Structure formats: C-alpha cells, structure tokens
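Asks: So that we are looking at the same thing, I have put the structure below in structure tokens.
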Amino acid sequence: LFFSFMGLNFLGCKKESDQSVKLSASQKTYKWKMVTTWPPHFPVLGEGADKLAKWVDQMSNGRLKITVFGGGELVPPLGVFDAVSSGTVEMGHGASYYWAGKVPAAQFFASVPFGLNAQSMNAWLYSGGGLKLWEEIYKPFNLKPFPAGNTGVQMGGWFNKEISSLDDLKGLKMRMPGLGGKVLAKAGGTPILVAGGEIYTNLDRGVIDATEWVGPFHDLKMGFYKAAKYYYYPGWHEPGTTLELMINTKAWGKLPPDLQAIVEAATYKANMWMISEFEAKNNANLQTLVEKHKVKLRKFPDSVIDGLKKLSTQVLEEMASKDPTSKKVYESFKKFKKNISAWNDMSESPYQNIIMK
Ligand code: CA
C-alpha cells in the first residue's frame, strides 16, 4: 500500500512538473526578422508579408513577433535567399525564381511558362507532391519553403512598340525573371532581372526597352503607363506565380509545434489573401489604364504565342537534360500538368466557354 501510494504520488509530481515545463515553454516569446524582395509595405506583395507577420502575432497571442523589412532595409532585395540561408535572419518573403542562379530547379515553384495557373499550382504543391520536392531542394540551403501568395495569370508586359512577330522580340532588353527570361533569350531578346522597386526608373531611362510585372492592379500602381504605351496579354511566362515564405531550418527547429502550425496556417492565409486581392481588383484597374491613361491594350498574335510555346518546351527540356534536380522536378510538374489538363478539359475549360458566351 505504501509503495503504491508513493508511486501514485511520484507519478502525480512528475505529471505536474511536466506540465509546468510545457507551460513555461509555451510562454516563451520569439522575436524574428523577415526580409523581403519587395520595397517596404509594397502593395499586395509587401502588404501580404506584413499581414502574415500580424496574423502570426495574433494567432500566437504575441509569442512569435516578426519584424518585416522591405528590400534594402536590412539586406538588398535579391539578398533574401542568402540572408535566410545563413541564418542572419529567420524568414524571407519573395519568389523562388529569383534564385535561379543558385538553384535552377527552384524556378518551377514560382512559375513555368505555359505552365500551371494559380489553382493548379496550389494543387500540385499542396496535394500533388510539389511542396515535398521544394522542401527537399531547399534543405541543403538550410531553408524550409512555404507557398505564401499567388499573382494569378499575369499580363504579358509593357512595350514601346507593337509585337507582331517573334522577330520583334529580337534585341529587346526586357525585365523578365525566371524561365520566361530564358525563353525570351531563345527568341533573341535580352532578359534582365531587376527587383520590383527599380523597374520603373530603368524603363523610363531606357536601360530596358520593355518590362513585365504582374497585372493591371499592381502595374497601375507602378506607373509603367508613363514609360510604355503598349500593354500586352496574356502573361504566357507567368500563368500563376507562387510567392514564397522561406524559413531558416535551425530557427524553425527551435519553434514549438504549436507555433510551427501557426506559421504554416498564416502562409495558407497569405496565399489566399494575395490572389483574392489581385483577382478582385485587376479589371477595374485595367479599365483605368485603358480609359484614363490611354494605354493601348494588345493581345499577342497567335504566331508569337505558338513560337514562344515551342521555345518554352525547348528551355525546359534543355534545363532537365543539364541538371538532374531540375529533371526530377520537371518530371513531376509535367506529369501533374498532363493529369490536371485532362481534368480541366472537363471542368474549368468548358465552364469558361459557357460563361464567356
Ligand atoms: Ca511577373
């Protein structure tokens, strides 16, 4: 009787002390920094990063405080990857195609020319194995990626001349990141990677002849209509660009599981919030561009689109043949695209045709 009483008492104490350890761990406050590729508080994209930090603060009852820095405030816009990878900061927000020079395969997780739209990108990433591959590829860099925003189908870009044939892209210096830039190079153009905050000045001064950015809602805010007349669609190069939140894996490992779950939930919310902002506001802003600012809206001719589509396949095949990691991701992407296209032929496509009538 004595022993079992002691045992009970001992167990009781142990339980109690476990609980108090747990409580004190859950009360620990974490102060993190997030660097971004966007100018400070940049509409939608930077705002989304700000909101993500706010949501985490709210959901964690102030236990995880994230201070957001715009591009250039702590590190340069395109220095985000290295800053998070090295552990200088805990988090970064941007787009994975900015890191093509370091990790070519990363580009698949932002956008692929003639690839997946936002809905299909989410399906591939969350439920089709895409995010697992992304995690695998970022792991050697001490990074854990999350989808955290999407632009939807982008516009084709701003030009100072009409694009009537593929030849019109020859010699064109155009701001275009990622795989789209590689396709432009194949067409004889010169892709230039410029961070968002510097595009307008470059276009205005003639450092670049043309630029793509996002879509009407954001492009109007960027003021590109003051520097270029022709606004082309569709954005063949970015049919649904996923934005990313990357977290240093060591910092991630130190977070208790509930805070990890909160951060993950906030990335889902950011992913949904950004696409909703763009989709809801694009058309009204397009009308402002056309009616108020007299922008000339143009559709790329079929011959240009067909040519770019062929060149895109070449770019992807070449990339896969040179880099085993890219090949692995490309295979997954290609297979998923084939399957979802077959489904879309019976769902999204016929539905779009009906509502267009
Ligand atoms: Ca873009």
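Quick note on naming: the chains in the structure tokens go A, B, ... in the order shown, residues restart at 1 in each chain, and ligands are numbered from 1 in order of appearance.
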Would you pick out the contacts of Ile247 (chain A) at 6 Å or less, using only C-alpha atoms, so that residues sharing its chain but fewer than 4 positions from it are not included, and give the list as a ChimeraX atom specification?
Replies: /A:90-91,143-144
Asks: Neighbours of region 291-305 of chain A within 12 Å (only C-alpha atoms; same-chain residues fewer than 2 positions away dropped), as an mmCIF file with C-alpha atoms, in the first residue's frame?
Replies:
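Output file part-v3.cif follows:
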data_model
loop_
_atom_site.group_PDB
_atom_site.id
_atom_site.type_symbol
_atom_site.label_atom_id
_atom_site.label_comp_id
_atom_site.auth_asym_id
_atom_site.auth_seq_id
_atom_site.Cartn_x
_atom_site.Cartn_y
_atom_site.Cartn_z
ATOM 1 C CA PRO A 113 5.959 29.468 -68.976
ATOM 2 C CA PHE A 114 2.782 27.862 -70.342
ATOM 3 C CA MET A 155 -0.079 40.312 -68.087
ATOM 4 C CA GLY A 156 2.418 39.886 -70.932
ATOM 5 C CA GLY A 157 4.146 43.179 -70.263
ATOM 6 C CA TRP A 158 4.770 46.767 -71.288
ATOM 7 C CA PHE A 159 6.342 47.608 -74.656
ATOM 8 C CA ASN A 160 7.126 50.751 -76.604
ATOM 9 C CA LYS A 161 6.402 49.088 -79.930
ATOM 10 C CA GLU A 162 3.902 46.588 -81.233
ATOM 11 C CA ILE A 163 4.864 42.922 -81.177
ATOM 12 C CA SER A 164 3.629 41.467 -84.466
ATOM 13 C CA SER A 165 6.022 38.569 -84.856
ATOM 14 C CA LEU A 166 8.607 36.638 -82.863
ATOM 15 C CA ASP A 167 11.262 38.696 -84.680
ATOM 16 C CA ASP A 168 10.053 41.793 -82.850
ATOM 17 C CA LEU A 169 11.481 40.314 -79.651
ATOM 18 C CA VAL A 183 12.539 31.777 -73.348
ATOM 19 C CA LEU A 184 12.928 35.446 -74.241
ATOM 20 C CA ALA A 187 13.769 34.296 -79.057
ATOM 21 C CA PRO A 216 -3.333 45.710 -64.011
ATOM 22 C CA ASP A 219 1.087 47.627 -62.735
ATOM 23 C CA LEU A 220 -1.075 50.764 -62.421
ATOM 24 C CA GLY A 223 3.195 53.770 -63.113
ATOM 25 C CA PHE A 224 4.543 51.860 -66.128
ATOM 26 C CA TYR A 225 1.943 53.521 -68.392
ATOM 27 C CA LYS A 226 4.006 56.715 -68.112
ATOM 28 C CA ALA A 227 7.010 54.995 -69.706
ATOM 29 C CA ALA A 228 5.475 52.499 -72.184
ATOM 30 C CA LYS A 229 2.357 52.602 -74.367
ATOM 31 C CA TYR A 230 1.543 49.032 -75.293
ATOM 32 C CA TYR A 231 0.216 46.617 -72.693
ATOM 33 C CA TYR A 232 0.175 43.004 -73.887
ATOM 34 C CA TYR A 233 -1.667 39.899 -72.719
ATOM 35 C CA PRO A 234 -1.675 37.078 -71.802
ATOM 36 C CA GLY A 235 1.234 36.547 -69.415
ATOM 37 C CA TRP A 236 2.350 33.306 -71.047
ATOM 38 C CA HIS A 237 5.512 33.396 -68.942
ATOM 39 C CA ALA A 284 -11.261 47.908 -62.588
ATOM 40 C CA ASN A 285 -7.600 48.913 -62.758
ATOM 41 C CA LEU A 286 -7.301 47.685 -66.328
ATOM 42 C CA GLN A 287 -10.215 49.968 -67.253
ATOM 43 C CA THR A 288 -8.429 52.896 -65.571
ATOM 44 C CA LEU A 289 -5.272 52.154 -67.559
ATOM 45 C CA GLY A 307 6.579 30.336 -81.200
ATOM 46 C CA LEU A 308 7.102 31.119 -77.521
ATOM 47 C CA LYS A 309 5.378 27.892 -76.531
ATOM 48 C CA LYS A 310 7.781 25.835 -78.659
ATOM 49 C CA LEU A 311 10.778 27.718 -77.269
ATOM 50 C CA SER A 312 9.466 27.171 -73.719
#
Asks: DSSP on the backbone, then: every residue of region 155-292 of chain A marked helix (DSSP H, G or I), written as an MDAnalysis selection string.
Replies: chainID A and resid 166:169 178:186 196:204 216:222 224:226 249:254 257:292
Asks: Output the neighbourhood of ligand 1 as a PyMOL selection string, that is, all protein and nucleic acid residues with some atom at most 9 Å from the ligand, counting only C-alpha atoms and all ligand atoms.
Replies: chain A and resi 151+154-157+175-177+211-215+235+237-238+241
Asks: Just want the 10 Å neighbourhood of region 131-134 of chain A, counted on only C-alpha atoms, with same-chain residues fewer than 5 positions away dropped. Output as a ChimeraX atom specification.
Replies: /A:96,105-106,108-109,122-126,139,143-147,325,328-329,332
Asks: If you count only C-alpha atoms, which residues fall within 7 Å of region 44-57 of chain A, apart from same-chain ones fewer than 2 positions away, as a list in words?
Replies: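 Skipping anything fewer than 2 positions along the chain leaves Trp38, Pro39, Pro40, His41, Phe42, Met59, Ser60, Asn61, Gly62, Arg63, Leu64, Lys65, Ile66, Val68, His93, Ile262, Val263, Ala266, Thr267, Ala270 and Met274 of chain A.
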Asks: Please identify the strand (DSSP E or B) residues within region 137-347 of chain A (assignment by DSSP from backbone atoms) and present them as a ChimeraX atom specification.
Replies: /A:143-150,157-159,173-175,190-192,210-211,230-233,242-248,296-299
Asks: Can you write out the residues you just picked, keeping C-alpha atoms, as an mmCIF file, in the first residue's frame?
Replies:
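out-v4.cif, written as the output of this step:
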data_model
loop_
_atom_site.group_PDB
_atom_site.id
_atom_site.type_symbol
_atom_site.label_atom_id
_atom_site.label_comp_id
_atom_site.auth_asym_id
_atom_site.auth_seq_id
_atom_site.Cartn_x
_atom_site.Cartn_y
_atom_site.Cartn_z
ATOM 1 C CA LEU A 143 15.692 26.582 -45.865
ATOM 2 C CA LYS A 144 12.106 25.437 -45.414
ATOM 3 C CA PRO A 145 9.751 26.812 -48.093
ATOM 4 C CA PHE A 146 6.028 27.544 -47.956
ATOM 5 C CA PRO A 147 3.739 28.815 -50.719
ATOM 6 C CA ALA A 148 2.693 32.263 -49.440
ATOM 7 C CA GLY A 149 0.928 34.204 -52.173
ATOM 8 C CA ASN A 150 -0.051 33.972 -55.805
ATOM 9 C CA GLY A 157 4.146 43.179 -70.263
ATOM 10 C CA TRP A 158 4.770 46.767 -71.288
ATOM 11 C CA PHE A 159 6.342 47.608 -74.656
ATOM 12 C CA LYS A 173 16.086 44.284 -73.442
ATOM 13 C CA MET A 174 13.237 43.238 -71.216
ATOM 14 C CA ARG A 175 12.854 42.839 -67.499
ATOM 15 C CA THR A 190 17.921 40.027 -73.561
ATOM 16 C CA PRO A 191 16.221 39.227 -70.263
ATOM 17 C CA ILE A 192 17.217 41.471 -67.397
ATOM 18 C CA ALA A 210 10.219 46.612 -72.024
ATOM 19 C CA THR A 211 9.116 45.056 -68.788
ATOM 20 C CA TYR A 230 1.543 49.032 -75.293
ATOM 21 C CA TYR A 231 0.216 46.617 -72.693
ATOM 22 C CA TYR A 232 0.175 43.004 -73.887
ATOM 23 C CA TYR A 233 -1.667 39.899 -72.719
ATOM 24 C CA THR A 242 3.565 31.369 -56.439
ATOM 25 C CA LEU A 243 5.273 33.586 -53.891
ATOM 26 C CA GLU A 244 7.267 32.003 -51.120
ATOM 27 C CA LEU A 245 7.966 32.255 -47.441
ATOM 28 C CA MET A 246 11.293 30.687 -46.582
ATOM 29 C CA ILE A 247 12.415 29.911 -43.050
ATOM 30 C CA ASN A 248 15.869 29.052 -41.777
ATOM 31 C CA LYS A 296 -3.018 50.501 -75.830
ATOM 32 C CA LEU A 297 -4.154 47.028 -74.885
ATOM 33 C CA ARG A 298 -2.923 44.310 -77.254
ATOM 34 C CA LYS A 299 -3.137 40.544 -77.435
#
Asks: Given the choices A:Tyr330, A:Val194, A:Asn117, A:Lys269, which gets closest to Val207 (chain A) if the distance is worked out from only C-alpha atoms?
Replies: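 For Val207 (chain A), the nearest of the candidates is A:Val194.
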